[in-house]
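Report on the following structure.
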Amino acid sequence: MAKQAVALCASAELVDSGLAVPFDVVYQGQTCRAFAIRYAGEVHAYLNRCSHVPMEMDYQPDRFFDITGHWLICATHGAMYQPRTGTCQGGPCRGGLVKIAVDENDGTVRWHTAHNLRTIEY
């Protein structure tokens, strides 16, 4: 299957260290939630799955940043991840977050499919 760029949201919907924009994907054959955030002016996207225990991380809908706005935090066990890379910086982790390729052009954010990541077929 050829890789695709899938429109996700308008660029203005993502504010630095603000609310995430959630979306659904199929990752390795399993339907999962994912999220996009803006940090230091750049857009990043990850599976909404902590590396410690594979459960969703947001402590309130679409809220992933800690109070400083500099770390993504898992609400369940407190694992902290670097927003630019998804690398675990503290707390219980088994590796980093699964990063999803994104681009931003002409006021639109798009995520990209991959060999193990695709859109949901309805």
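All residue names refer to the structure tokens as shown: chains lettered A, B, ... in order, residues numbered from 1 in each chain, ligands numbered from 1 in order.
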
**Prompt:** What are the DSSP strand (DSSP E or B) residues of chain A, as a VMD selection string?
**Reply:** chain A and resid 5 to 10 16 21 to 27 30 to 39 42 to 47 60 63 65 72 to 73 80 to 81 88 to 90 99 to 100 102 to 105 108 to 112 114 117 to 118

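Contact shell of Phe65 in chain A at 9 Å (only C-alpha atoms; same-chain neighbours under 5 positions omitted): Ser17, Gly18, Leu19, Asp58, His70, Trp71, Leu72, Ile73 and Pro83 of chain A.
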
**Request:** Choose the residue, out of A:Ile100, A:Pro92, A:Val15, A:Gly29, that has the smallest atom-to-atom separation from Asn48 in chain A; count only C-alpha atoms.
**Result:** A:Ile100

**Request:** Might you pull out every residue within 12 Å of Arg110 in chain A, with only C-alpha atoms counted and same-chain residues fewer than 3 positions away left off, and present them as a count of residues only?
**Result:** 24

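When only C-alpha atoms are used to compute distances to Val98 in chain A, the closest of the residues A:Leu47, A:Ile37, A:Ala20, A:Ala12 turns out to be A:Leu47.
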
**Request:** Excluding Tyr27 in chain A and any residue of its chain fewer than 3 positions from it, enumerate the residues within 8 Å of it, using only C-alpha atoms, and give them as a list in words.
**Result:** Gln30, Thr31, Cys32, Asn116, Leu117 and Arg118 of chain A

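For the set A:Gln82, A:Gln28, A:Gln60, A:Thr68, the residue with the smallest atom-to-atom gap to Leu97 in chain A is A:Gln82, counting only C-alpha atoms.
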
**Asked** Between CA of Lys3 in chain A and CA of Ala114 in chain A, what is the distance, to one decimal in Å?
**Response** 5.8 Å

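Distances to Thr87 in chain A were evaluated for A:Cys50, A:Ala75, A:Val109, A:Val26 using only C-alpha atoms, and the minimum falls at A:Cys50.
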
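Straight-line separation from CA of Cys74 in chain A to CA of His115 in chain A: 26.8 Å.
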
**Item:** A:Thr119, A:Thr76, A:Thr85, A:Ser51 ranked by distance to Tyr39 in chain A, top pick (using only C-alpha atoms)
**Value:** A:Thr85

**Request:** Measure the distance from CA of Phe64 in chain A to CA of Tyr81 in chain A in Å and round it to one decimal.
**Result:** 9.8 Å
